[in-house]
Amino acid sequence: MSFYAWTVYWSPFITAIGFLIGTPTILATYYQSFKTRQEAMRERDGRLHSKDCLEFVSFDGTCINLVPLETLHSLPRAGDVIMLPGGGIGGGGEFLPSAYLVDSIEHIYSPATWKSTRPLEARLTKAVAKVTSLNPPIAA
């Protein structure tokens with residue numbers, strides 16, 4: 001059997017198998033690409049879980065509490081002592097309600113993208129306050 005005869009015989013089967021494997025692969029690739037683009041856009045816009053929030057984090061980077069920026073009349077400064085609810089008393093969370101010392105605060109800004117903005121206008125997207133607990137740990 002010549003090579004030409006072999007390719008003529010197997011060509012429809014190879015085409016069908018390639019179509020059955022290739023089509024779902026292409027669809028899955030486009031779907032993953034779409035999801036990745038949407039996630040990157042949300043990240044740029046700051047629309048993830050801590051968008052427009054003041055995030056209080058411990059020394060190891062664990063989030064203690066999130067506070068929406070629109071509920072604050074002012075942001076804490078380094079050296080301020082604040083009371084945070086943590087996970088609550090009955091919540092069984094890692095952080096109990098207690099006093100914390102603000103070590104530092106970081107402000108994260110993003111470009112203002114709505115229609116009636118001034119040139120080079122930015123908006124406060126998120127603030128991160130690194131805090132240290134002032135209460136001694138309770139031994140179990």
# chains A, B, ... in the order shown; residues from 1 in each chain; ligands from 1

$ select_by_dssp --residues "chain A" --states "helix (DSSP H, G or I)" --output "ChimeraX atom specification"
/A:3-45,69-71

$ residues_around --residues "segment 128-131 of chain A" --least-positions-apart "4" --cutoff "7 Å" --atoms "only C-alpha atoms" --output "PyMOL selection string"
chain A and resi 54-59+100-107

$ write_last_selection --atoms "N, CA, C and O atoms" --output "PDB file, in the first residue's frame"
ATOM      1  N   LEU A  54     -10.523  50.070  53.786  1.00  0.00           N
ATOM      2  CA  LEU A  54      -9.326  50.165  54.617  1.00  0.00           C
ATOM      3  C   LEU A  54      -9.126  48.770  55.190  1.00  0.00           C
ATOM      4  O   LEU A  54     -10.010  48.228  55.858  1.00  0.00           O
ATOM      5  N   GLU A  55      -7.997  48.165  54.877  1.00  0.00           N
ATOM      6  CA  GLU A  55      -7.721  46.799  55.304  1.00  0.00           C
ATOM      7  C   GLU A  55      -6.723  46.830  56.450  1.00  0.00           C
ATOM      8  O   GLU A  55      -5.649  47.421  56.331  1.00  0.00           O
ATOM      9  N   PHE A  56      -7.082  46.217  57.554  1.00  0.00           N
ATOM     10  CA  PHE A  56      -6.184  46.112  58.701  1.00  0.00           C
ATOM     11  C   PHE A  56      -5.517  44.743  58.646  1.00  0.00           C
ATOM     12  O   PHE A  56      -6.204  43.719  58.622  1.00  0.00           O
ATOM     13  N   VAL A  57      -4.182  44.725  58.586  1.00  0.00           N
ATOM     14  CA  VAL A  57      -3.452  43.471  58.487  1.00  0.00           C
ATOM     15  C   VAL A  57      -2.464  43.350  59.649  1.00  0.00           C
ATOM     16  O   VAL A  57      -1.944  44.341  60.151  1.00  0.00           O
ATOM     17  N   SER A  58      -2.229  42.109  60.062  1.00  0.00           N
ATOM     18  CA  SER A  58      -1.272  41.844  61.132  1.00  0.00           C
ATOM     19  C   SER A  58       0.138  41.807  60.565  1.00  0.00           C
ATOM     20  O   SER A  58       0.347  41.950  59.363  1.00  0.00           O
ATOM     21  N   PHE A  59       1.122  41.570  61.427  1.00  0.00           N
ATOM     22  CA  PHE A  59       2.528  41.573  61.010  1.00  0.00           C
ATOM     23  C   PHE A  59       2.824  40.519  59.957  1.00  0.00           C
ATOM     24  O   PHE A  59       3.708  40.694  59.141  1.00  0.00           O
ATOM     25  N   TYR A 100      -5.335  47.753  68.959  1.00  0.00           N
ATOM     26  CA  TYR A 100      -4.211  47.574  68.057  1.00  0.00           C
ATOM     27  C   TYR A 100      -3.497  48.904  67.880  1.00  0.00           C
ATOM     28  O   TYR A 100      -4.116  49.964  67.893  1.00  0.00           O
ATOM     29  N   LEU A 101      -2.186  48.823  67.681  1.00  0.00           N
ATOM     30  CA  LEU A 101      -1.367  49.997  67.395  1.00  0.00           C
ATOM     31  C   LEU A 101      -1.092  50.015  65.897  1.00  0.00           C
ATOM     32  O   LEU A 101      -0.645  49.025  65.325  1.00  0.00           O
ATOM     33  N   VAL A 102      -1.370  51.149  65.244  1.00  0.00           N
ATOM     34  CA  VAL A 102      -1.132  51.281  63.809  1.00  0.00           C
ATOM     35  C   VAL A 102       0.359  51.541  63.610  1.00  0.00           C
ATOM     36  O   VAL A 102       0.887  52.562  64.038  1.00  0.00           O
ATOM     37  N   ASP A 103       1.044  50.591  62.969  1.00  0.00           N
ATOM     38  CA  ASP A 103       2.478  50.731  62.697  1.00  0.00           C
ATOM     39  C   ASP A 103       2.719  51.593  61.465  1.00  0.00           C
ATOM     40  O   ASP A 103       3.580  52.464  61.471  1.00  0.00           O
ATOM     41  N   SER A 104       1.977  51.309  60.398  1.00  0.00           N
ATOM     42  CA  SER A 104       2.121  52.077  59.166  1.00  0.00           C
ATOM     43  C   SER A 104       0.826  51.978  58.373  1.00  0.00           C
ATOM     44  O   SER A 104       0.008  51.096  58.612  1.00  0.00           O
ATOM     45  N   ILE A 105       0.668  52.894  57.433  1.00  0.00           N
ATOM     46  CA  ILE A 105      -0.497  52.862  56.558  1.00  0.00           C
ATOM     47  C   ILE A 105      -0.044  53.137  55.133  1.00  0.00           C
ATOM     48  O   ILE A 105       0.807  53.999  54.903  1.00  0.00           O
ATOM     49  N   GLU A 106      -0.560  52.356  54.206  1.00  0.00           N
ATOM     50  CA  GLU A 106      -0.230  52.498  52.795  1.00  0.00           C
ATOM     51  C   GLU A 106      -1.488  52.900  52.047  1.00  0.00           C
ATOM     52  O   GLU A 106      -2.564  52.376  52.311  1.00  0.00           O
ATOM     53  N   HIS A 107      -1.342  53.839  51.133  1.00  0.00           N
ATOM     54  CA  HIS A 107      -2.457  54.287  50.309  1.00  0.00           C
ATOM     55  C   HIS A 107      -2.244  53.786  48.889  1.00  0.00           C
ATOM     56  O   HIS A 107      -1.154  53.930  48.341  1.00  0.00           O
TER      57      HIS A 107
END

$ select_by_dssp --residues "segment 59-122 of chain A" --states "strand (DSSP E or B)" --output "MDAnalysis selection string"
chainID A and resid 63:68 81:84 98:111 122

$ atom_distance --atom1 "atom CA of Leu69 of chain A" --atom2 "atom CA of Pro136 of chain A"
29.3 Å

$ residues_around --residues "Glu121 of chain A" --least-positions-apart "5" --cutoff "12 Å" --atoms "only C-alpha atoms" --output "number ranges by chain"
A: 109-116

$ closest_residue --among "A:Leu20, A:Ala99, A:Leu84, A:Ala78" --to "Asn65 of chain A" --atoms "only C-alpha atoms"
A:Leu84

$ residues_around --residues "segment 66-68 of chain A" --least-positions-apart "4" --cutoff "12 Å" --atoms "only C-alpha atoms" --output "ChimeraX atom specification"
/A:49-57,62,72-76,84-87,124-129

$ atom_distance --atom1 "atom CA of Met83 of chain A" --atom2 "atom CA of Thr71 of chain A"
15.6 Å

$ atom_distance --atom1 "atom CA of Gly22 of chain A" --atom2 "atom CA of Glu39 of chain A"
25.7 Å
